[in-house]
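So this block is start.pdb, PDB, C-alpha atoms and all ligand atoms:
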ATOM      1  CA  MET P   1      83.124  70.118 120.867
ATOM      2  CA  MET P   2      85.998  69.132 118.704
ATOM      3  CA  GLY P   3      86.819  70.751 115.402
ATOM      4  CA  PHE P   4      84.663  73.840 115.995
ATOM      5  CA  GLU P   5      87.148  76.056 117.750
ATOM      6  CA  THR P   6      86.844  79.714 116.826
ATOM      7  CA  PRO P   7      90.243  80.879 115.569
ATOM      8  CA  ARG P   8      91.824  83.589 117.702
ATOM      9  CA  PRO P   9      91.772  87.133 116.214
ATOM     10  CA  ARG P  10      95.446  87.007 115.228
ATOM     11  CA  GLU P  11      94.937  83.790 113.251
ATOM     12  CA  ARG P  12      91.697  85.053 111.758
ATOM     13  CA  LEU P  13      93.457  88.203 110.536
ATOM     14  CA  LEU P  14      96.381  86.303 109.047
ATOM     15  CA  GLU P  15      94.068  83.781 107.387
ATOM     16  CA  SER P  16      91.896  86.438 105.801
ATOM     17  CA  THR P  17      94.804  88.465 104.393
ATOM     18  CA  VAL P  18      96.691  87.541 101.232
ATOM     19  CA  LEU P  19     100.353  88.252 101.980
ATOM     20  CA  PRO P  20     103.352  87.588  99.692
ATOM     21  CA  SER P  21     105.459  86.803 102.793
ATOM     22  CA  GLY P  22     102.866  84.314 104.058
ATOM     23  CA  GLY P  23     102.520  86.445 107.207
ATOM     24  CA  VAL P  24     105.695  85.117 108.773
ATOM     25  CA  TYR P  25     107.833  88.051 109.946
ATOM     26  CA  THR P  26     111.291  88.153 111.506
ATOM     27  CA  SER P  27     113.380  91.097 112.685
ATOM     28  CA  VAL P  28     116.023  90.461 110.036
ATOM     29  CA  GLY P  29     113.621  90.237 107.094
ATOM     30  CA  THR P  30     112.355  93.034 104.866
ATOM     31  CA  TYR P  31     108.681  93.213 103.951
ATOM     32  CA  ASP P  32     106.642  95.315 101.610
ATOM     33  CA  ALA P  33     104.871  98.153 103.455
ATOM     34  CA  ALA P  34     101.775  97.203 101.451
ATOM     35  CA  GLU P  35     101.484  94.090 103.675
ATOM     36  CA  MET P  36     101.086  96.273 106.753
ATOM     37  CA  VAL P  37      98.448  98.352 104.996
ATOM     38  CA  GLU P  38      96.609  95.195 103.902
ATOM     39  CA  LEU P  39      96.677  93.768 107.452
ATOM     40  CA  VAL P  40      95.488  97.030 108.969
ATOM     41  CA  SER P  41      92.726  97.353 106.401
ATOM     42  CA  ASN P  42      91.439  93.824 107.163
ATOM     43  CA  LEU P  43      91.767  94.416 110.902
ATOM     44  CA  SER P  44      89.653  97.531 110.433
ATOM     45  CA  THR P  45      86.956  95.474 108.696
ATOM     46  CA  MET P  46      87.078  92.870 111.485
ATOM     47  CA  THR P  47      86.931  95.343 114.352
ATOM     48  CA  GLY P  48      85.124  98.372 112.947
ATOM     49  CA  VAL P  49      88.017 100.568 114.126
ATOM     50  CA  PRO P  50      88.999 103.107 111.405
ATOM     51  CA  VAL P  51      92.272 102.443 109.560
ATOM     52  CA  ALA P  52      93.649 105.862 110.624
ATOM     53  CA  ASP P  53      93.130 105.000 114.334
ATOM     54  CA  LEU P  54      94.775 101.593 113.930
ATOM     55  CA  LEU P  55      97.806 103.119 112.201
ATOM     56  CA  GLN P  56      98.119 105.733 114.942
ATOM     57  CA  ASP P  57      97.906 103.070 117.635
ATOM     58  CA  PHE P  58     100.537 101.036 115.819
ATOM     59  CA  GLY P  59     102.767 104.130 115.642
ATOM     60  CA  ARG P  60     102.407 104.559 119.409
ATOM     61  CA  HIS P  61     103.266 100.919 119.965
ATOM     62  CA  LEU P  62     106.315 101.202 117.679
ATOM     63  CA  PHE P  63     107.624 104.215 119.554
ATOM     64  CA  ARG P  64     107.460 102.325 122.865
ATOM     65  CA  GLN P  65     109.341  99.469 121.214
ATOM     66  CA  PHE P  66     111.995 101.879 119.948
ATOM     67  CA  VAL P  67     112.529 103.292 123.460
ATOM     68  CA  GLU P  68     112.921  99.793 124.839
ATOM     69  CA  LYS P  69     115.049  98.300 122.066
ATOM     70  CA  PHE P  70     117.193 101.280 121.027
ATOM     71  CA  PRO P  71     117.759 103.256 124.251
ATOM     72  CA  HIS P  72     120.994 104.779 122.939
ATOM     73  CA  PHE P  73     118.989 107.032 120.583
ATOM     74  CA  PHE P  74     117.389 108.592 123.646
ATOM     75  CA  ALA P  75     120.464 109.053 125.805
ATOM     76  CA  GLY P  76     120.832 112.672 126.892
ATOM     77  CA  ILE P  77     117.682 113.805 125.044
ATOM     78  CA  THR P  78     115.302 115.719 127.281
ATOM     79  CA  SER P  79     112.440 116.921 125.075
ATOM     80  CA  SER P  80     110.289 115.783 122.177
ATOM     81  CA  PHE P  81     111.318 118.768 120.011
ATOM     82  CA  GLU P  82     114.928 117.753 120.511
ATOM     83  CA  PHE P  83     114.244 114.095 119.678
ATOM     84  CA  LEU P  84     111.956 114.789 116.722
ATOM     85  CA  GLY P  85     114.579 117.114 115.252
ATOM     86  CA  LEU P  86     116.999 114.166 115.181
ATOM     87  CA  VAL P  87     114.781 111.582 113.511
ATOM     88  CA  ASP P  88     115.590 112.585 109.937
ATOM     89  CA  SER P  89     119.153 113.813 110.428
ATOM     90  CA  TYR P  90     120.356 111.088 112.774
ATOM     91  CA  VAL P  91     117.980 108.233 113.745
ATOM     92  CA  HIS P  92     116.821 107.292 110.257
ATOM     93  CA  VAL P  93     120.361 107.846 108.931
ATOM     94  CA  GLU P  94     121.608 105.198 111.385
ATOM     95  CA  VAL P  95     118.671 102.946 110.454
ATOM     96  CA  ARG P  96     119.680 103.219 106.784
ATOM     97  CA  LYS P  97     123.246 102.086 107.669
ATOM     98  CA  LEU P  98     121.873  98.932 109.304
ATOM     99  CA  TYR P  99     119.095  98.199 106.822
ATOM    100  CA  ALA P 100     120.128  99.340 103.355
ATOM    101  CA  ASP P 101     116.715  98.553 101.906
ATOM    102  CA  ALA P 102     114.620 100.246 104.625
ATOM    103  CA  GLU P 103     111.859 102.425 103.224
ATOM    104  CA  LEU P 104     112.207 105.654 105.109
ATOM    105  CA  PRO P 105     110.221 108.858 104.917
ATOM    106  CA  SER P 106     111.826 112.302 104.991
ATOM    107  CA  PHE P 107     111.090 114.996 107.564
ATOM    108  CA  THR P 108     112.020 118.653 107.275
ATOM    109  CA  CYS P 109     111.982 120.502 110.584
ATOM    110  CA  GLU P 110     111.649 124.170 111.444
ATOM    111  CA  ARG P 111     111.409 126.120 114.687
ATOM    112  CA  PRO P 112     109.541 129.284 113.770
ATOM    113  CA  ALA P 113     109.304 130.450 117.406
ATOM    114  CA  PRO P 114     110.099 129.164 120.890
ATOM    115  CA  GLY P 115     107.513 126.523 121.756
ATOM    116  CA  HIS P 116     106.584 125.959 118.122
ATOM    117  CA  PHE P 117     108.091 123.083 116.114
ATOM    118  CA  VAL P 118     107.150 122.183 112.551
ATOM    119  CA  MET P 119     107.772 118.775 111.040
ATOM    120  CA  THR P 120     106.824 118.079 107.417
ATOM    121  CA  TYR P 121     106.443 114.444 106.432
ATOM    122  CA  ARG P 122     107.151 113.270 102.896
ATOM    123  CA  SER P 123     106.934 109.667 101.753
ATOM    124  CA  THR P 124     105.814 107.657  98.770
ATOM    125  CA  ARG P 125     104.135 105.278 101.240
ATOM    126  CA  ASN P 126     101.698 107.876 102.508
ATOM    127  CA  LEU P 127     101.612 106.848 106.177
ATOM    128  CA  PRO P 128     101.040 110.165 108.004
ATOM    129  CA  ASP P 129      98.773 108.399 110.523
ATOM    130  CA  LEU P 130     101.654 106.144 111.521
ATOM    131  CA  ALA P 131     103.880 109.218 111.813
ATOM    132  CA  GLU P 132     101.273 110.966 113.984
ATOM    133  CA  GLY P 133     101.099 108.001 116.358
ATOM    134  CA  LEU P 134     104.895 108.004 116.678
ATOM    135  CA  ILE P 135     104.930 111.754 117.326
ATOM    136  CA  ARG P 136     102.124 111.531 119.910
ATOM    137  CA  GLU P 137     103.845 108.749 121.826
ATOM    138  CA  CYS P 138     107.126 110.673 121.671
ATOM    139  CA  ILE P 139     105.396 113.635 123.358
ATOM    140  CA  ARG P 140     103.888 111.336 125.988
ATOM    141  CA  HIS P 141     107.287 109.730 126.571
ATOM    142  CA  PHE P 142     108.811 113.091 127.488
ATOM    143  CA  GLY P 143     105.744 113.951 129.611
ATOM    144  CA  GLU P 144     104.986 117.170 127.738
ATOM    145  CA  GLN P 145     101.800 119.080 126.931
ATOM    146  CA  ILE P 146     101.908 119.784 123.208
ATOM    147  CA  ASP P 147      99.048 120.462 120.809
ATOM    148  CA  ILE P 148      99.345 119.035 117.318
ATOM    149  CA  ARG P 149      97.841 120.616 114.226
ATOM    150  CA  ARG P 150      98.078 118.547 111.089
ATOM    151  CA  GLU P 151      97.467 119.638 107.511
ATOM    152  CA  VAL P 152      98.058 118.340 104.019
ATOM    153  CA  VAL P 153     100.554 120.506 102.122
ATOM    154  CA  VAL P 154      98.591 121.926  99.207
ATOM    155  CA  GLY P 155     100.084 121.217  95.805
ATOM    156  CA  GLU P 156     102.555 118.621  97.031
ATOM    157  CA  SER P 157     101.137 115.133  96.983
ATOM    158  CA  GLY P 158     102.069 112.980  99.994
ATOM    159  CA  ALA P 159     103.394 115.871 102.105
ATOM    160  CA  VAL P 160     101.803 116.408 105.527
ATOM    161  CA  ARG P 161     102.740 119.232 107.881
ATOM    162  CA  PHE P 162     102.620 118.782 111.664
ATOM    163  CA  ASP P 163     102.657 121.987 113.727
ATOM    164  CA  LEU P 164     103.521 121.283 117.358
ATOM    165  CA  PHE P 165     102.718 123.950 119.966
ATOM    166  CA  ALA P 166     103.989 123.656 123.516
ATOM    167  CA  THR P 167     101.158 124.661 125.868
TER     168      THR P 167
HETATM  169  C1  LIG M   1     108.849 110.002 116.592
HETATM  170  C2  LIG M   1     109.885 109.583 115.886
HETATM  171  C3  LIG M   1     109.742 108.880 114.540
HETATM  172  C4  LIG M   1     108.903 109.136 113.508
HETATM  173  C5  LIG M   1     107.853 110.241 113.422
HETATM  174  C6  LIG M   1     109.158 108.120 112.489
HETATM  175  C7  LIG M   1     108.458 107.980 111.307
HETATM  176  C8  LIG M   1     108.521 106.897 110.466
HETATM  177  C9  LIG M   1     107.531 106.536 109.486
HETATM  178  C10 LIG M   1     106.210 107.266 109.283
HETATM  179  C11 LIG M   1     107.977 105.424 108.844
HETATM  180  C12 LIG M   1     107.223 104.590 107.772
HETATM  181  C13 LIG M   1     107.770 104.671 106.391
HETATM  182  C14 LIG M   1     107.210 105.833 105.602
HETATM  183  O1  LIG M   1     106.292 106.534 106.051
HETATM  184  O2  LIG M   1     107.722 106.080 104.484
HETATM  185  C15 LIG M   1     109.260 105.084 109.425
HETATM  186  C16 LIG M   1     110.052 104.032 109.036
HETATM  187  C17 LIG M   1     111.051 103.515 109.826
HETATM  188  N1  LIG M   1     111.512 104.020 111.012
HETATM  189 FE1  LIG M   1     110.979 105.743 111.862
HETATM  190  N2  LIG M   1     110.178 107.308 112.913
HETATM  191  C18 LIG M   1     110.543 107.724 114.169
HETATM  192  C19 LIG M   1     111.521 107.177 114.974
HETATM  193  C20 LIG M   1     112.204 106.045 114.681
HETATM  194  C21 LIG M   1     113.131 105.404 115.570
HETATM  195  C22 LIG M   1     113.491 105.892 116.995
HETATM  196  C23 LIG M   1     113.607 104.296 114.922
HETATM  197  C24 LIG M   1     114.585 103.245 115.362
HETATM  198  C25 LIG M   1     115.232 103.224 116.473
HETATM  199  C26 LIG M   1     112.946 104.259 113.619
HETATM  200  C27 LIG M   1     113.137 103.260 112.688
HETATM  201  C28 LIG M   1     112.457 103.140 111.507
HETATM  202  C29 LIG M   1     112.611 102.033 110.560
HETATM  203  C30 LIG M   1     113.539 100.814 110.736
HETATM  204  C31 LIG M   1     111.743 102.287 109.491
HETATM  205  C32 LIG M   1     111.645 101.570 108.158
HETATM  206  C33 LIG M   1     110.966 100.289 108.044
HETATM  207  C34 LIG M   1     111.423  99.648 106.734
HETATM  208  O3  LIG M   1     111.027 100.078 105.653
HETATM  209  O4  LIG M   1     112.201  98.711 106.782
HETATM  210  N3  LIG M   1     112.123 105.331 113.508
HETATM  211  N4  LIG M   1     109.570 105.996 110.418
END
Let me see the structure of the file written as C-alpha cells.
Ligand code: HEM
Amino acid sequence: MMGFETPRPRERLLESTVLPSGGVYTSVGTYDAAEMVELVSNLSTMTGVPVADLLQDFGRHLFRQFVEKFPHFFAGITSSFEFLGLVDSYVHVEVRKLYADAELPSFTCERPAPGHFVMTYRSTRNLPDLAEGLIRECIRHFGEQIDIRREVVVGESGAVRFDLFAT
C-alpha cells in the first residue's frame, strides 16, 4: 500500500520532538544539552524505557565511541581508576582546547584507600546518569570487577558522589 508506510523509530522520534537545531547534528556543531534531554524524554515515552536507563545506555555508547575515535587518551593507561582520575585534569581540559564552548562537568577525585576511588560529579546540566553509564563502560573496557555506590551530596544541589570499590 502506498502512502501508509510506518515511519522508522528514528524518524518518529525526530518528528515528535521540537528541536531548535531541527534535529540535524554534525560533529563540528554545538547543540544545547536540552535537546538531548528532550530526545531522551520522548524516546522514553515511545519505548517505555526509563529516562535514567536511556541516559546510562547512551553514556556507555559514548565511551565506546571515545575509545574508538580518541585512542591517544587511552595509550599507556591500564586501569579505570587511572583513566577516571584523568578525565577532569586532562581529558576534559584537552576537549575544552578543541571546543571552547563545550559544556563540561567537573569531577573531584579522591583515593581514600587502595581499591577505593571516589569521583564527585558537579554540573549545571544534572546528567549523573550519563556519567554513570560512562563510568560503567570504562570499568568494562578495562575488564575490572568494581562495585559502584552512588549518592546525592546532601546540601549541594547537582553534586553526585560515586564510590568505586574494587572487588
Ligand atoms: C568515563 C569517563 C568520562 C566521564 C565520566 C565523562 C563525563 C561527562 C559528562 C557527564 C558530560 C556531560 C556534560 C555535563 O554533565 O555537564 C561530559 C561532556 C563531555 N565529555 Fe566527557 N566524560 C568522560 C570521558 C570523556 C572522554 C574520553 C572524552 C573525549 C575523548 C569526553 C568528551 C566530552 C565532551 C566533548 C563533552 C561536552 C559536550 C559539549 O558540551 O559539547 N569525555 N563528559
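Atom to atom, atom CA of P:Cys138 and atom C34 of ligand LIG 1 (chain M) stand 19.1 Å apart.
Closest approach to ligand LIG 1 (chain M) among P:Thr30, P:Thr108, P:Ser41, P:Gln145: P:Thr30, based on all atoms listed in the file.
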Could you list, with a cut-off of 9 Å and counting all atoms listed in the file, the residues of chain P near ligand LIG 1 (chain M), each shown with its nearest atom pair and the distance in Å rounded to one decimal, rows sorted by chain and ascending number, as a Markdown table?
| residue | atom | partner | partner_atom | distance |
| --- | --- | --- | --- | --- |
| P:Gly29 | CA | M:LIG1 | O4 | 8.6 |
| P:Thr30 | CA | M:LIG1 | O4 | 6.0 |
| P:Tyr31 | CA | M:LIG1 | O4 | 7.1 |
| P:Asp32 | CA | M:LIG1 | O3 | 7.6 |
| P:Ala33 | CA | M:LIG1 | O3 | 6.8 |
| P:Gly59 | CA | M:LIG1 | C10 | 7.9 |
| P:Arg60 | CA | M:LIG1 | C1 | 8.9 |
| P:Leu62 | CA | M:LIG1 | C20 | 8.2 |
| P:Phe63 | CA | M:LIG1 | C1 | 6.6 |
| P:Gln65 | CA | M:LIG1 | C25 | 8.4 |
| P:Phe66 | CA | M:LIG1 | C25 | 4.9 |
| P:Val67 | CA | M:LIG1 | C22 | 7.0 |
| P:Lys69 | CA | M:LIG1 | C25 | 7.5 |
| P:Phe70 | CA | M:LIG1 | C25 | 5.3 |
| P:Pro71 | CA | M:LIG1 | C25 | 8.2 |
| P:His72 | CA | M:LIG1 | C25 | 8.8 |
| P:Phe73 | CA | M:LIG1 | C22 | 6.7 |
| P:Phe74 | CA | M:LIG1 | C22 | 8.2 |
| P:Ser80 | CA | M:LIG1 | C1 | 8.2 |
| P:Phe83 | CA | M:LIG1 | C2 | 7.3 |
| P:Leu84 | CA | M:LIG1 | C2 | 5.7 |
| P:Gly85 | CA | M:LIG1 | C2 | 8.9 |
| P:Leu86 | CA | M:LIG1 | C2 | 8.5 |
| P:Val87 | CA | M:LIG1 | C19 | 5.7 |
| P:Asp88 | CA | M:LIG1 | N2 | 8.1 |
| P:Val91 | CA | M:LIG1 | C21 | 5.9 |
| P:His92 | CA | M:LIG1 | C26 | 6.0 |
| P:Glu94 | CA | M:LIG1 | C24 | 8.3 |
| P:Val95 | CA | M:LIG1 | C30 | 5.6 |
| P:Arg96 | CA | M:LIG1 | C30 | 7.7 |
| P:Leu98 | CA | M:LIG1 | C30 | 8.7 |
| P:Tyr99 | CA | M:LIG1 | O4 | 6.9 |
| P:Ala100 | CA | M:LIG1 | O4 | 8.7 |
| P:Asp101 | CA | M:LIG1 | O4 | 6.6 |
| P:Ala102 | CA | M:LIG1 | O4 | 3.6 |
| P:Glu103 | CA | M:LIG1 | O3 | 3.5 |
| P:Leu104 | CA | M:LIG1 | O2 | 4.5 |
| P:Pro105 | CA | M:LIG1 | O2 | 3.8 |
| P:Ser106 | CA | M:LIG1 | O2 | 7.5 |
| P:Phe107 | CA | M:LIG1 | C5 | 8.2 |
| P:Met119 | CA | M:LIG1 | C5 | 8.9 |
| P:Tyr121 | CA | M:LIG1 | C10 | 7.7 |
| P:Arg122 | CA | M:LIG1 | O2 | 7.4 |
| P:Ser123 | CA | M:LIG1 | O2 | 4.6 |
| P:Thr124 | CA | M:LIG1 | O2 | 6.2 |
| P:Arg125 | CA | M:LIG1 | O2 | 4.9 |
| P:Asn126 | CA | M:LIG1 | O1 | 6.0 |
| P:Leu127 | CA | M:LIG1 | O1 | 4.7 |
| P:Pro128 | CA | M:LIG1 | C10 | 6.1 |
| P:Asp129 | CA | M:LIG1 | C10 | 7.6 |
| P:Leu130 | CA | M:LIG1 | C10 | 5.2 |
| P:Ala131 | CA | M:LIG1 | C10 | 4.0 |
| P:Glu132 | CA | M:LIG1 | C5 | 6.6 |
| P:Gly133 | CA | M:LIG1 | C5 | 7.7 |
| P:Leu134 | CA | M:LIG1 | C1 | 4.4 |
| P:Ile135 | CA | M:LIG1 | C1 | 4.4 |
| P:Arg136 | CA | M:LIG1 | C1 | 7.7 |
| P:Glu137 | CA | M:LIG1 | C1 | 7.3 |
| P:Cys138 | CA | M:LIG1 | C1 | 5.4 |
| P:Ile139 | CA | M:LIG1 | C1 | 8.4 |
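Put simply, the PyMOL selection byres (((chain P and resi 147) around 8) and not hetatm) in this file takes in Gln145, Ile146, Ile148, Arg149, Leu164, Phe165, Ala166 and Thr167 of chain P.
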Residues from the last selection, C-alpha atoms, saved as a tab-separated table (two decimals), keeping the file's coordinate frame:
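After the write, result37.tsv holds the following:
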chain	number	residue	atom	x	y	z
P	145	GLN	CA	101.80	119.08	126.93
P	146	ILE	CA	101.91	119.78	123.21
P	148	ILE	CA	99.34	119.04	117.32
P	149	ARG	CA	97.84	120.62	114.23
P	164	LEU	CA	103.52	121.28	117.36
P	165	PHE	CA	102.72	123.95	119.97
P	166	ALA	CA	103.99	123.66	123.52
P	167	THR	CA	101.16	124.66	125.87
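Atom pair atom CA of P:Leu39 / atom CA of P:Leu13: separated by 7.1 Å.
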Which neighbours of P:Pro50 fall inside 10 Å, counting all atoms listed in the file, when residues of the same chain fewer than 5 positions from it are skipped, and could you give them as a CSV table (one decimal) with C-alpha atoms, in the frame of the given file?
chain,number,residue,atom,x,y,z
P,40,VAL,CA,95.5,97.0,109.0
P,41,SER,CA,92.7,97.4,106.4
P,43,LEU,CA,91.8,94.4,110.9
P,44,SER,CA,89.7,97.5,110.4
P,45,THR,CA,87.0,95.5,108.7
P,55,LEU,CA,97.8,103.1,112.2
(request) Find the distance between atom CA of P:Arg111 and atom CA of P:Phe162 and write it in Å to one decimal. (result) 11.8 Å
(request) Give as a ChimeraX atom specification the residues that the PyMOL selection byres (((chain P and resi 21-25) around 12) and not hetatm) matches when applied to the coordinates above. (result) /P:10-20,26-36,38-39
(message) Please determine, counting all atoms listed in the file, which residue among P:His141, P:Ile77, P:Arg64, P:Arg161 has the shortest atom-to-atom distance to P:Glu110.
(response) P:Arg161
Any chance you could model N, CA and C atoms for stretch 63-79 of chain P and send them as a PDB file, in the coordinates of the input?
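Saved the output as selection.pdb:
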ATOM      1  N   PHE P  63     106.756 103.296 118.819  1.00  0.00           N
ATOM      2  CA  PHE P  63     107.624 104.215 119.554  1.00  0.00           C
ATOM      3  C   PHE P  63     108.054 103.604 120.888  1.00  0.00           C
ATOM      4  N   ARG P  64     107.111 102.960 121.578  1.00  0.00           N
ATOM      5  CA  ARG P  64     107.460 102.325 122.865  1.00  0.00           C
ATOM      6  C   ARG P  64     108.494 101.217 122.651  1.00  0.00           C
ATOM      7  N   GLN P  65     108.359 100.509 121.534  1.00  0.00           N
ATOM      8  CA  GLN P  65     109.341  99.469 121.214  1.00  0.00           C
ATOM      9  C   GLN P  65     110.718 100.079 120.960  1.00  0.00           C
ATOM     10  N   PHE P  66     110.716 101.219 120.244  1.00  0.00           N
ATOM     11  CA  PHE P  66     111.995 101.879 119.948  1.00  0.00           C
ATOM     12  C   PHE P  66     112.707 102.280 121.245  1.00  0.00           C
ATOM     13  N   VAL P  67     111.944 102.847 122.187  1.00  0.00           N
ATOM     14  CA  VAL P  67     112.529 103.292 123.460  1.00  0.00           C
ATOM     15  C   VAL P  67     113.169 102.101 124.173  1.00  0.00           C
ATOM     16  N   GLU P  68     112.447 100.991 124.141  1.00  0.00           N
ATOM     17  CA  GLU P  68     112.921  99.793 124.839  1.00  0.00           C
ATOM     18  C   GLU P  68     114.123  99.153 124.134  1.00  0.00           C
ATOM     19  N   LYS P  69     114.033  99.055 122.822  1.00  0.00           N
ATOM     20  CA  LYS P  69     115.049  98.300 122.066  1.00  0.00           C
ATOM     21  C   LYS P  69     116.256  99.122 121.630  1.00  0.00           C
ATOM     22  N   PHE P  70     116.086 100.437 121.484  1.00  0.00           N
ATOM     23  CA  PHE P  70     117.193 101.280 121.027  1.00  0.00           C
ATOM     24  C   PHE P  70     117.403 102.453 121.982  1.00  0.00           C
ATOM     25  N   PRO P  71     117.684 102.165 123.264  1.00  0.00           N
ATOM     26  CA  PRO P  71     117.759 103.256 124.251  1.00  0.00           C
ATOM     27  C   PRO P  71     118.862 104.273 123.943  1.00  0.00           C
ATOM     28  N   HIS P  72     119.887 103.835 123.195  1.00  0.00           N
ATOM     29  CA  HIS P  72     120.994 104.779 122.939  1.00  0.00           C
ATOM     30  C   HIS P  72     120.550 105.997 122.135  1.00  0.00           C
ATOM     31  N   PHE P  73     119.467 105.860 121.337  1.00  0.00           N
ATOM     32  CA  PHE P  73     118.989 107.032 120.583  1.00  0.00           C
ATOM     33  C   PHE P  73     118.393 108.092 121.519  1.00  0.00           C
ATOM     34  N   PHE P  74     118.074 107.676 122.730  1.00  0.00           N
ATOM     35  CA  PHE P  74     117.389 108.592 123.646  1.00  0.00           C
ATOM     36  C   PHE P  74     118.306 109.150 124.728  1.00  0.00           C
ATOM     37  N   ALA P  75     119.536 108.640 124.743  1.00  0.00           N
ATOM     38  CA  ALA P  75     120.464 109.053 125.805  1.00  0.00           C
ATOM     39  C   ALA P  75     120.735 110.556 125.720  1.00  0.00           C
ATOM     40  N   GLY P  76     120.529 111.240 126.822  1.00  0.00           N
ATOM     41  CA  GLY P  76     120.832 112.672 126.892  1.00  0.00           C
ATOM     42  C   GLY P  76     119.794 113.571 126.243  1.00  0.00           C
ATOM     43  N   ILE P  77     118.722 112.985 125.691  1.00  0.00           N
ATOM     44  CA  ILE P  77     117.682 113.805 125.044  1.00  0.00           C
ATOM     45  C   ILE P  77     116.597 114.101 126.074  1.00  0.00           C
ATOM     46  N   THR P  78     116.221 115.366 126.197  1.00  0.00           N
ATOM     47  CA  THR P  78     115.302 115.719 127.281  1.00  0.00           C
ATOM     48  C   THR P  78     113.935 116.222 126.814  1.00  0.00           C
ATOM     49  N   SER P  79     113.752 116.418 125.507  1.00  0.00           N
ATOM     50  CA  SER P  79     112.440 116.921 125.075  1.00  0.00           C
ATOM     51  C   SER P  79     112.041 116.317 123.728  1.00  0.00           C
TER      52      SER P  79
END
